[in-house]
>>> print(open('query-v3.cif').read())   # mmCIF, C-alpha atoms
data_my_file
#
loop_
_atom_site.label_atom_id
_atom_site.label_comp_id
_atom_site.auth_asym_id
_atom_site.auth_seq_id
_atom_site.Cartn_x
_atom_site.Cartn_y
_atom_site.Cartn_z
CA MET A 1467 -4.10 16.84 14.97
CA ASN A 1468 -7.72 16.55 13.81
CA VAL A 1469 -8.26 13.81 11.24
CA ALA A 1470 -11.23 13.30 8.93
CA ILE A 1471 -11.68 9.87 7.35
CA ILE A 1472 -13.17 9.94 3.86
CA GLY A 1473 -14.98 6.76 2.81
CA LEU A 1474 -16.21 4.30 5.40
CA GLY A 1475 -15.83 0.92 3.73
CA PHE A 1476 -12.14 0.14 4.19
CA GLY A 1477 -11.82 3.49 5.97
CA ALA A 1478 -13.78 2.32 9.00
CA GLU A 1479 -10.93 -0.09 9.80
CA PHE A 1480 -8.82 2.92 10.83
CA ILE A 1481 -11.33 4.76 13.03
CA PRO A 1482 -10.55 2.98 16.33
CA ILE A 1483 -6.80 3.32 15.70
CA TYR A 1484 -7.03 7.10 15.37
CA GLN A 1485 -9.33 7.21 18.38
CA ALA A 1486 -6.76 5.36 20.50
CA HIS A 1487 -3.67 7.19 19.24
CA PRO A 1488 -2.34 9.63 21.86
CA ARG A 1489 -1.44 12.33 19.32
CA ALA A 1490 -4.54 12.42 17.12
CA GLU A 1491 -8.21 13.30 17.35
CA MET A 1492 -10.66 11.26 15.28
CA TYR A 1493 -12.51 14.44 14.41
CA ALA A 1494 -14.87 13.69 11.49
CA ILE A 1495 -16.09 11.08 9.05
CA CYS A 1496 -17.41 11.51 5.52
CA GLN A 1497 -19.62 9.16 3.50
CA ARG A 1498 -22.11 9.93 0.72
CA ASN A 1499 -24.50 7.22 1.94
CA VAL A 1500 -26.34 8.80 4.89
CA GLU A 1501 -27.43 5.46 6.31
CA LYS A 1502 -23.86 4.14 6.36
CA LEU A 1503 -22.59 7.47 7.73
CA THR A 1504 -25.10 7.40 10.57
CA ALA A 1505 -24.46 3.78 11.45
CA THR A 1506 -20.67 4.21 11.53
CA GLY A 1507 -20.85 7.48 13.43
CA ASP A 1508 -23.12 5.93 16.03
CA GLN A 1509 -20.99 2.78 16.28
CA PHE A 1510 -17.79 4.68 17.02
CA GLY A 1511 -19.30 7.73 18.75
CA ILE A 1512 -18.20 10.33 16.19
CA ALA A 1513 -20.35 13.46 16.23
CA LYS A 1514 -18.91 15.35 13.25
CA ARG A 1515 -20.31 13.81 10.07
CA TYR A 1516 -20.25 14.92 6.45
CA THR A 1517 -21.81 13.67 3.23
CA SER A 1518 -19.75 16.08 1.09
CA PHE A 1519 -15.99 15.95 0.63
CA GLU A 1520 -16.00 19.65 -0.22
CA ASP A 1521 -17.64 20.43 3.13
CA VAL A 1522 -14.89 18.53 4.93
CA LEU A 1523 -12.26 20.62 3.15
CA ALA A 1524 -14.11 23.82 4.09
CA ASP A 1525 -13.95 22.95 7.79
CA PRO A 1526 -11.01 24.88 9.31
CA GLU A 1527 -10.80 22.41 12.21
CA VAL A 1528 -9.73 19.57 9.88
CA ASP A 1529 -5.94 19.29 9.79
CA ALA A 1530 -5.65 16.10 7.74
CA VAL A 1531 -7.78 13.81 5.61
CA HIS A 1532 -7.36 10.06 5.25
CA ILE A 1533 -8.86 9.12 1.87
CA ASN A 1534 -10.33 5.63 1.43
CA THR A 1535 -12.62 6.19 -1.54
CA PRO A 1536 -12.82 4.26 -4.87
CA ILE A 1537 -9.59 4.20 -6.87
CA PRO A 1538 -10.68 6.74 -9.56
CA ASP A 1539 -11.26 9.36 -6.83
CA HIS A 1540 -7.84 9.17 -5.17
CA GLY A 1541 -5.99 11.60 -7.43
CA PRO A 1542 -8.65 14.32 -7.75
CA GLN A 1543 -9.51 14.22 -4.03
CA SER A 1544 -5.86 14.34 -2.93
CA ILE A 1545 -5.30 17.35 -5.19
CA LYS A 1546 -8.34 19.17 -3.79
CA ALA A 1547 -7.29 18.42 -0.22
CA LEU A 1548 -3.74 19.72 -0.71
CA GLU A 1549 -5.10 22.82 -2.44
CA ALA A 1550 -7.35 23.34 0.60
CA GLY A 1551 -4.36 23.18 2.94
CA LYS A 1552 -4.94 19.72 4.39
CA HIS A 1553 -2.35 17.02 4.99
CA VAL A 1554 -3.21 13.86 3.06
CA ALA A 1555 -3.04 10.16 3.75
CA CYS A 1556 -4.47 8.17 0.86
CA THR A 1557 -5.02 4.49 0.29
CA VAL A 1558 -3.38 2.98 -2.78
CA PRO A 1559 -2.75 3.81 -5.56
CA MET A 1560 -1.89 7.51 -5.48
CA ALA A 1561 -3.80 8.15 -8.72
CA THR A 1562 -4.75 6.54 -12.01
CA SER A 1563 -2.87 8.98 -14.26
CA VAL A 1564 0.70 10.24 -14.47
CA GLU A 1565 -0.67 13.79 -14.64
CA ASP A 1566 -2.49 13.54 -11.31
CA CYS A 1567 0.58 11.99 -9.66
CA LYS A 1568 2.67 14.90 -10.91
CA ARG A 1569 0.22 17.49 -9.59
CA ILE A 1570 0.19 15.90 -6.13
CA VAL A 1571 4.00 15.97 -6.02
CA GLU A 1572 4.00 19.63 -7.11
CA LEU A 1573 1.44 20.59 -4.47
CA SER A 1574 3.25 18.79 -1.68
CA LYS A 1575 6.43 20.71 -2.54
CA GLU A 1576 4.66 24.06 -2.98
CA THR A 1577 2.67 23.85 0.24
CA GLY A 1578 5.01 21.90 2.51
CA LEU A 1579 2.07 19.69 3.44
CA THR A 1580 2.52 15.98 4.13
CA TYR A 1581 1.32 13.48 1.55
CA MET A 1582 1.64 9.77 2.34
CA MET A 1583 0.29 6.86 0.32
CA MET A 1584 -0.90 4.27 2.84
CA GLU A 1585 0.82 1.21 1.37
CA THR A 1586 0.13 -1.69 3.71
CA VAL A 1587 2.84 -4.19 2.70
CA VAL A 1588 5.76 -1.97 3.70
CA TYR A 1589 4.40 -1.89 7.26
CA SER A 1590 3.43 -5.56 7.49
CA ARG A 1591 5.18 -7.70 10.11
CA GLU A 1592 6.70 -9.83 7.32
CA TYR A 1593 8.25 -6.82 5.61
CA LEU A 1594 9.47 -5.34 8.91
CA PHE A 1595 11.11 -8.69 9.69
CA VAL A 1596 13.03 -8.67 6.40
CA LYS A 1597 13.89 -4.98 6.76
CA GLU A 1598 15.32 -5.61 10.22
CA MET A 1599 17.54 -8.40 8.86
CA TYR A 1600 18.67 -6.15 6.00
CA GLU A 1601 19.51 -3.23 8.28
CA LYS A 1602 21.52 -5.54 10.57
CA GLY A 1603 23.51 -6.75 7.55
CA GLU A 1604 22.32 -10.34 7.90
CA LEU A 1605 21.17 -10.62 4.27
CA GLY A 1606 24.47 -9.37 2.90
CA ARG A 1607 24.40 -7.67 -0.50
CA ILE A 1608 20.95 -7.57 -2.07
CA GLN A 1609 21.05 -9.43 -5.40
CA PHE A 1610 17.42 -9.61 -6.55
CA LEU A 1611 13.88 -8.98 -5.32
CA GLN A 1612 10.48 -10.17 -6.44
CA ALA A 1613 6.90 -9.71 -5.30
CA SER A 1614 3.43 -10.79 -6.33
CA HIS A 1615 -0.14 -9.83 -5.60
CA GLN A 1616 -2.79 -12.29 -6.71
CA GLN A 1617 -6.43 -11.76 -5.83
CA ASP A 1618 -9.83 -12.72 -7.22
CA MET A 1619 -11.85 -9.51 -7.60
CA ALA A 1620 -15.13 -11.22 -8.53
CA GLY A 1621 -17.91 -9.66 -6.48
CA TRP A 1622 -16.06 -6.44 -5.70
CA PRO A 1623 -17.47 -2.99 -6.68
CA GLY A 1624 -18.00 -2.50 -10.41
CA TYR A 1625 -15.08 -0.13 -10.98
CA TRP A 1626 -12.76 -3.12 -10.55
CA ASP A 1627 -14.23 -4.93 -13.58
CA GLY A 1628 -11.56 -5.41 -16.23
CA LEU A 1629 -8.97 -3.29 -14.40
CA PRO A 1630 -5.48 -3.83 -15.87
CA PRO A 1631 -3.54 -5.90 -13.30
CA MET A 1632 -0.68 -3.41 -13.07
CA HIS A 1633 -3.00 -0.49 -12.35
CA TYR A 1634 -3.20 -1.83 -8.79
CA ALA A 1635 0.37 -2.97 -8.33
CA THR A 1636 1.54 -0.95 -5.33
CA HIS A 1637 1.47 -3.97 -2.99
CA CYS A 1638 4.13 -5.52 -5.26
CA VAL A 1639 6.10 -2.40 -6.10
CA GLY A 1640 6.25 -0.90 -2.60
CA PRO A 1641 8.28 -3.66 -0.92
CA VAL A 1642 10.83 -4.21 -3.71
CA LEU A 1643 11.62 -0.49 -3.79
CA GLY A 1644 11.17 0.19 -0.09
CA LEU A 1645 13.71 -2.26 1.32
CA GLN A 1646 16.64 -0.14 0.10
CA ARG A 1647 14.48 2.99 -0.31
CA LYS A 1648 15.16 3.10 -4.04
CA LEU A 1649 13.26 4.60 -6.97
CA ALA A 1650 12.27 2.69 -10.10
CA GLU A 1651 13.94 4.09 -13.23
CA THR A 1652 12.84 1.75 -16.05
CA VAL A 1653 10.10 -0.85 -16.38
CA SER A 1654 9.36 -3.53 -18.95
CA CYS A 1655 6.19 -5.59 -18.71
CA VAL A 1656 4.49 -8.39 -20.64
CA GLY A 1657 0.89 -9.55 -20.50
CA SER A 1658 -0.16 -13.18 -20.37
CA GLY A 1659 -3.44 -15.02 -20.81
CA LYS A 1660 -6.90 -13.62 -21.47
CA ILE A 1661 -9.91 -12.52 -19.47
CA ASP A 1662 -13.54 -12.56 -20.57
CA PRO A 1663 -14.09 -10.20 -23.58
CA ALA A 1664 -16.83 -8.34 -21.70
CA GLN A 1665 -14.37 -7.59 -18.91
CA ALA A 1666 -11.54 -6.82 -21.29
CA LYS A 1667 -13.42 -4.09 -23.13
CA VAL A 1668 -14.03 -2.01 -19.96
CA TYR A 1669 -10.44 -0.71 -19.85
CA GLY A 1670 -9.23 -2.21 -23.12
CA SER A 1671 -6.97 -4.60 -21.23
CA PRO A 1672 -7.07 -8.29 -22.32
CA PHE A 1673 -4.52 -9.78 -19.91
CA ALA A 1674 -5.15 -12.14 -17.01
CA ILE A 1675 -1.63 -11.62 -15.64
CA GLU A 1676 0.96 -8.90 -16.12
CA SER A 1677 4.62 -9.52 -15.23
CA CYS A 1678 7.06 -6.62 -14.94
CA HIS A 1679 10.81 -6.18 -14.49
CA ILE A 1680 12.00 -3.04 -12.70
CA GLN A 1681 15.45 -1.50 -12.97
CA MET A 1682 16.17 0.77 -10.00
CA LYS A 1683 17.87 4.13 -10.09
CA ASP A 1684 21.48 4.23 -8.86
CA SER A 1685 21.48 0.50 -8.21
CA ASP A 1686 22.67 -2.75 -9.76
CA VAL A 1687 19.59 -4.53 -8.40
CA ALA A 1688 16.55 -5.42 -10.49
CA ALA A 1689 13.16 -6.70 -9.36
CA ARG A 1690 10.31 -8.73 -10.81
CA ILE A 1691 6.65 -8.26 -9.93
CA TYR A 1692 3.54 -10.04 -11.19
CA ARG A 1693 -0.14 -9.35 -10.69
CA SER A 1694 -3.53 -10.95 -11.40
CA LEU A 1695 -7.10 -9.84 -10.73
CA PHE A 1696 -9.45 -12.10 -12.68
CA GLU A 1697 -9.79 -15.68 -13.95
CA THR A 1698 -6.60 -16.98 -12.36
CA ALA A 1699 -6.91 -19.80 -9.80
CA ARG A 1700 -4.89 -18.70 -6.78
CA GLN A 1701 -5.46 -18.14 -3.07
CA TYR A 1702 -5.01 -14.50 -2.08
CA ARG A 1703 -1.32 -13.76 -1.87
CA GLU A 1704 0.80 -10.68 -1.32
CA SER A 1705 4.32 -12.07 -1.47
CA PHE A 1706 7.76 -10.54 -1.14
CA ASP A 1707 11.02 -12.45 -1.74
CA VAL A 1708 14.51 -11.06 -1.25
CA TYR A 1709 17.71 -12.78 -2.35
CA GLY A 1710 20.91 -11.70 -0.61
CA SER A 1711 24.52 -12.78 -0.79
CA GLN A 1712 24.35 -14.29 2.73
CA LYS A 1713 20.68 -15.01 3.37
CA SER A 1714 17.48 -15.06 1.32
CA TYR A 1715 13.86 -14.81 2.43
CA GLU A 1716 10.94 -16.44 0.61
CA TRP A 1717 7.28 -15.83 1.33
CA PRO A 1718 5.18 -18.96 2.00
CA LEU A 1719 3.17 -20.37 -0.88
CA ILE A 1720 0.08 -20.96 1.26
CA GLU A 1721 -1.49 -18.59 3.77
CA GLY A 1722 -0.77 -19.64 7.34
CA GLU A 1723 2.55 -21.35 6.64
CA ASP A 1724 5.85 -19.96 7.90
CA PRO A 1725 8.26 -18.33 5.42
CA VAL A 1726 11.60 -19.88 4.48
CA LEU A 1727 15.03 -18.46 5.23
CA HIS A 1728 17.98 -19.75 3.16
CA THR A 1729 21.53 -19.38 4.54
CA LEU A 1730 24.68 -19.54 2.40
CA GLY A 1731 27.42 -21.98 3.40
CA LYS A 1732 25.36 -24.60 5.21
CA PRO A 1733 25.18 -28.22 4.02
CA GLU A 1734 22.64 -28.41 1.20
CA PRO A 1735 19.81 -30.05 3.23
CA GLU A 1736 20.22 -27.42 5.97
CA ILE A 1737 20.20 -24.32 3.76
CA PRO A 1738 16.43 -23.75 4.04
CA GLU A 1739 14.66 -23.39 7.38
CA ARG A 1740 11.17 -22.31 8.36
CA VAL A 1741 11.12 -19.18 10.51
CA THR A 1742 8.40 -17.63 12.63
CA VAL A 1743 7.87 -13.93 11.93
CA PRO A 1744 7.45 -11.92 15.14
CA ASP A 1745 5.00 -9.08 15.60
CA TYR A 1746 6.36 -5.54 15.63
CA ALA A 1747 3.84 -3.88 17.92
CA HIS A 1748 6.71 -2.73 20.17
CA LEU A 1749 7.53 -0.06 17.58
CA LEU A 1750 4.20 1.66 18.26
CA PRO A 1751 2.72 3.76 21.06
CA GLU A 1752 1.34 1.45 23.73
CA GLN A 1753 -2.24 2.61 23.16
CA ILE A 1754 -2.38 1.20 19.62
CA GLN A 1755 -0.11 -1.83 19.89
CA HIS A 1756 -3.00 -4.31 20.10
CA PHE A 1757 -4.24 -3.27 16.65
CA THR A 1758 -1.46 -5.28 14.97
CA GLY A 1759 -3.44 -8.43 15.84
CA ARG A 1760 -6.00 -9.96 13.50
CA GLY A 1761 -9.72 -9.55 14.04
CA VAL A 1762 -9.32 -6.51 16.28
CA TYR A 1763 -12.66 -4.87 15.52
CA ASP A 1764 -14.98 -7.23 17.47
CA ALA A 1765 -16.42 -9.37 14.64
CA ASP A 1766 -15.37 -10.49 11.16
CA GLU A 1767 -18.61 -9.27 9.58
CA ARG A 1768 -17.73 -5.71 10.55
CA GLN A 1769 -14.39 -5.81 8.78
CA HIS A 1770 -13.78 -4.86 5.19
CA LEU A 1771 -13.20 -7.72 2.74
CA SER A 1772 -9.70 -6.46 1.97
CA PHE A 1773 -8.81 -6.96 5.64
CA THR A 1774 -10.22 -10.46 6.06
CA GLN A 1775 -9.14 -11.66 2.59
CA GLY A 1776 -5.70 -10.14 3.03
CA ALA A 1777 -4.97 -11.77 6.41
CA GLY A 1778 -5.20 -8.51 8.30
CA HIS A 1779 -2.68 -6.78 6.02
CA GLY A 1780 0.12 -8.11 8.22
CA GLY A 1781 -0.76 -5.88 11.17
CA SER A 1782 0.17 -2.81 9.14
CA HIS A 1783 -2.75 -0.50 9.89
CA PRO A 1784 -1.55 0.98 13.20
CA HIS A 1785 1.96 1.40 11.77
CA LEU A 1786 0.51 3.38 8.86
CA VAL A 1787 -1.48 5.64 11.17
CA ASP A 1788 1.45 6.24 13.50
CA ASN A 1789 3.87 7.03 10.67
CA PHE A 1790 1.42 9.49 9.11
CA ILE A 1791 0.81 11.26 12.42
CA ARG A 1792 4.54 11.52 13.14
CA ALA A 1793 5.20 12.81 9.62
CA VAL A 1794 2.70 15.63 10.13
CA LEU A 1795 3.43 16.58 13.74
CA ASP A 1796 7.19 15.97 13.78
CA LYS A 1797 7.74 17.04 10.16
CA SER A 1798 9.48 13.74 9.49
CA ASN A 1799 9.84 12.11 6.09
CA PRO A 1800 7.21 9.35 5.73
CA TYR A 1801 7.56 6.26 3.60
CA PRO A 1802 6.37 6.55 0.99
CA ASN A 1803 6.44 10.34 0.65
CA ALA A 1804 4.86 12.16 -2.30
CA VAL A 1805 7.69 11.48 -4.79
CA GLU A 1806 8.07 7.86 -3.71
CA SER A 1807 4.29 7.37 -3.85
CA ALA A 1808 4.27 8.75 -7.39
CA ASN A 1809 7.18 6.53 -8.39
CA ILE A 1810 5.47 3.42 -6.97
CA SER A 1811 2.11 4.27 -8.58
CA CYS A 1812 3.59 5.25 -11.96
CA VAL A 1813 5.42 1.92 -12.16
CA GLY A 1814 2.03 0.26 -12.49
CA ILE A 1815 0.67 2.81 -14.96
CA LEU A 1816 3.75 2.60 -17.22
CA ALA A 1817 4.05 -1.17 -16.82
CA HIS A 1818 0.61 -1.65 -18.32
CA GLN A 1819 1.53 0.69 -21.18
CA SER A 1820 4.62 -1.44 -21.72
CA ALA A 1821 2.54 -4.63 -21.76
CA MET A 1822 0.20 -3.15 -24.36
CA LYS A 1823 3.30 -2.41 -26.48
CA GLY A 1824 4.69 -5.94 -26.24
CA GLY A 1825 7.15 -5.31 -23.44
CA GLU A 1826 8.67 -2.05 -24.67
CA PRO A 1827 10.91 -0.53 -21.94
CA MET A 1828 9.42 2.59 -20.36
CA ARG A 1829 11.42 5.21 -18.46
CA MET A 1830 9.82 6.63 -15.35
CA PRO A 1831 8.77 10.33 -15.47
CA ASP A 1832 11.44 12.76 -14.31
CA PHE A 1833 9.33 14.11 -11.44
CA THR A 1834 9.39 10.62 -9.85
CA LEU A 1835 13.18 10.29 -10.02
CA SER A 1836 14.40 12.99 -7.63
CA LEU A 1837 13.76 13.30 -3.91
CA ASP A 1838 15.22 16.84 -3.78
#
>>> encode(input="query-v3.cif", output="structure tokens")
Amino acid sequence: MNVAIIGLGFGAEFIPIYQAHPRAEMYAICQRNVEKLTATGDQFGIAKRYTSFEDVLADPEVDAVHINTPIPDHGPQSIKALEAGKHVACTVPMATSVEDCKRIVELSKETGLTYMMMETVVYSREYLFVKEMYEKGELGRIQFLQASHQQDMAGWPGYWDGLPPMHYATHCVGPVLGLQRKLAETVSCVGSGKIDPAQAKVYGSPFAIESCHIQMKDSDVAARIYRSLFETARQYRESFDVYGSQKSYEWPLIEGEDPVLHTLGKPEPEIPERVTVPDYAHLLPEQIQHFTGRGVYDADERQHLSFTQGAGHGGSHPHLVDNFIRAVLDKSNPYPNAVESANISCVGILAHQSAMKGGEPMRMPDFTLSLD
């Protein structure tokens, strides 16, 4: 399977993983900036280089594209790639509009091509640890879930300025839906606080924080997510808490600490205990197992800010690559697939609409509610 990586900021983090994977060929890279394209191609020894996305799609040797471009480009580029007959892996979110999400779902069904949104949290070692406990029945009945993503976007590319917090909510939404592989059915969100008026006018969004409740389809479980991007004092945190009838898991408050596991029925002082989360490299082909470690690309200055600021994304990158490759070559059902990716992404889009309407409940679009 020949893969072309589109966008070489965050995208460069994945190049050595594809190169090492036994079932993929790191075939081509694409970057508009010729200097960056040349430097990256020379660094990793990739001969096939493009400055035009359209030229990549015209190359019959390209089987799949992995899109890592700015957020506004995700939807249009994924649509073009599917129309050109290419499998698509795309960094989050799927798109910035409900209409583009719908078109991607339609194309994936019409063509039979694989679409996978590359959501990091649902392949992080922390999430895989909780998922393993859930699948073994150790948590008992799931009662409630919550997740947060707090990050200071000062100094990032200009398209982030003033972005509504929920427009980049997949790192919160993905884990609360993914644990039981559920779909969100209804969302209700409120905004809190204010950001600088100059920032607020970019997208017309005044809120510093948006907090959303999610009701899941065919489930008695609800979830809460909250998100901040600007003018909120907080260390970077992607958190995921799950409360079960037998055990509950809580993400640490400070990076580097161990999470807490609570067990029902113990004496009160013994209910909480710190636990060490193991790595899950054993789930991967041997050739890419070492990529679950932090700082795997020789020097911190070569790594994208999202990787260093986000604590290596929990070792998720090789899991994402492996699941995408298996979905294409084995025709397996990836998580998240096109419908699930649309459901996750549309939660954020509709949550912001709800916040702008004072918390009005919003029902998810029908095309995101059926996996048939």
>>> closest_residue(input="query-v3.cif", among="A:Asn1789, A:Ser1590, A:Ser1677, A:Ser1711", to="Pro1751 in chain A", atoms="all atoms listed in the file")
A:Asn1789
>>> residues_around(input="query-v3.cif", residues="Ser1807 in chain A", least_positions_apart="4", cutoff="6 Å", atoms="all atoms listed in the file", output="list of chain:residue names")
A:Met1583, A:Pro1802, A:Asn1803
>>> atom_distance(input="query-v3.cif", atom1="CA of Gln1681 in chain A", atom2="CA of Thr1652 in chain A")
5.2 Å
>>> closest_residue(input="query-v3.cif", among="A:Ala1555, A:Ala1666, A:His1785, A:Val1741", to="Phe1757 in chain A", atoms="only C-alpha atoms")
A:His1785
>>> closest_atom_pairs(input="query-v3.cif", of="range 1500-1570 of chain A", to="range 1814-1830 of chain A", cutoff="10 Å", atoms="all atoms listed in the file", output="tab-separated table")
residue	atom	partner	partner_atom	distance
A:Pro1559	CA	A:Gly1814	CA	9.1
A:Ala1561	CA	A:Ile1815	CA	9.4
A:Thr1562	CA	A:Ile1815	CA	7.2
A:Ser1563	CA	A:Ile1815	CA	7.1
A:Val1564	CA	A:Ile1815	CA	7.4
>>> resolve_selection(input="query-v3.cif", expression="the PyMOL selection byres ((chain A and resi 1550) around 12)", output="ChimeraX atom specification")
/A:1519-1526,1528-1531,1543-1549,1551-1554,1573-1574,1577,1579
>>> closest_atom_pairs(input="query-v3.cif", of="range 1539-1579 of chain A", to="range 1476-1484 of chain A", cutoff="12 Å", atoms="all atoms listed in the file", output="tab-separated table")
residue	atom	partner	partner_atom	distance
A:Ala1555	CA	A:Gly1477	CA	11.2
A:Cys1556	CA	A:Gly1477	CA	10.1
A:Thr1557	CA	A:Gly1477	CA	8.9
A:Val1558	CA	A:Phe1476	CA	11.5
>>> write_last_selection(input="query-v3.cif", atoms="C-alpha atoms", output="PDB file, in the frame of the given file")
ATOM      1  CA  ALA A1555      -3.040  10.160   3.750  1.00  0.00           C
ATOM      2  CA  CYS A1556      -4.470   8.170   0.860  1.00  0.00           C
ATOM      3  CA  THR A1557      -5.020   4.490   0.290  1.00  0.00           C
ATOM      4  CA  VAL A1558      -3.380   2.980  -2.780  1.00  0.00           C
TER       5      VAL A1558
END
>>> axis_aligned_box(input="query-v3.cif", around="range 1817-1821 of chain A", padding_each_side="8 Å", output="lines of an AutoDock Vina configuration file")
center_x = 2.6
center_y = -2.0
center_z = -19.3
size_x = 20.0
size_y = 21.3
size_z = 20.9
>>> atom_distance(input="query-v3.cif", atom1="CA of Gln1612 in chain A", atom2="CA of Ala1747 in chain A")
26.0 Å
>>> build_atoms(input="query-v3.cif", residues="range 1541-1548 of chain A", atoms="all heavy atoms", output="short mmCIF file (atom, residue, chain, number, x, y, z; two decimals), in the coordinates of the input")
data_model
loop_
_atom_site.label_atom_id
_atom_site.label_comp_id
_atom_site.auth_asym_id
_atom_site.auth_seq_id
_atom_site.Cartn_x
_atom_site.Cartn_y
_atom_site.Cartn_z
N GLY A 1541 -6.76 10.47 -6.91
CA GLY A 1541 -5.99 11.60 -7.43
C GLY A 1541 -6.72 12.92 -7.29
O GLY A 1541 -6.20 13.86 -6.65
N PRO A 1542 -7.93 13.05 -7.85
CA PRO A 1542 -8.65 14.32 -7.75
C PRO A 1542 -8.90 14.76 -6.31
O PRO A 1542 -8.78 15.95 -5.99
CB PRO A 1542 -9.97 14.03 -8.48
CG PRO A 1542 -9.61 12.96 -9.46
CD PRO A 1542 -8.60 12.10 -8.76
N GLN A 1543 -9.24 13.83 -5.42
CA GLN A 1543 -9.51 14.22 -4.03
C GLN A 1543 -8.24 14.63 -3.30
O GLN A 1543 -8.26 15.57 -2.49
CB GLN A 1543 -10.23 13.09 -3.30
CG GLN A 1543 -11.68 12.92 -3.75
CD GLN A 1543 -12.42 11.84 -2.99
OE1 GLN A 1543 -11.81 10.94 -2.42
NE2 GLN A 1543 -13.73 11.92 -2.99
N SER A 1544 -7.13 13.95 -3.56
CA SER A 1544 -5.86 14.34 -2.93
C SER A 1544 -5.44 15.73 -3.39
O SER A 1544 -4.97 16.54 -2.59
CB SER A 1544 -4.77 13.32 -3.27
OG SER A 1544 -5.05 12.06 -2.70
N ILE A 1545 -5.63 16.02 -4.66
CA ILE A 1545 -5.30 17.35 -5.19
C ILE A 1545 -6.14 18.42 -4.53
O ILE A 1545 -5.63 19.46 -4.07
CB ILE A 1545 -5.48 17.36 -6.73
CG1 ILE A 1545 -4.40 16.51 -7.39
CG2 ILE A 1545 -5.46 18.79 -7.27
CD1 ILE A 1545 -4.64 16.21 -8.86
N LYS A 1546 -7.45 18.19 -4.44
CA LYS A 1546 -8.34 19.17 -3.79
C LYS A 1546 -7.97 19.38 -2.33
O LYS A 1546 -8.00 20.51 -1.83
CB LYS A 1546 -9.79 18.70 -3.91
CG LYS A 1546 -10.38 18.81 -5.30
CD LYS A 1546 -11.84 18.33 -5.31
CE LYS A 1546 -12.45 18.44 -6.69
NZ LYS A 1546 -13.85 17.95 -6.72
N ALA A 1547 -7.63 18.32 -1.64
CA ALA A 1547 -7.29 18.42 -0.22
C ALA A 1547 -6.01 19.22 -0.02
O ALA A 1547 -5.93 20.08 0.88
CB ALA A 1547 -7.15 17.03 0.39
N LEU A 1548 -4.99 18.96 -0.81
CA LEU A 1548 -3.74 19.72 -0.71
C LEU A 1548 -3.97 21.18 -1.06
O LEU A 1548 -3.42 22.09 -0.41
CB LEU A 1548 -2.67 19.11 -1.61
CG LEU A 1548 -2.14 17.74 -1.17
CD1 LEU A 1548 -1.33 17.09 -2.29
CD2 LEU A 1548 -1.29 17.86 0.10
#
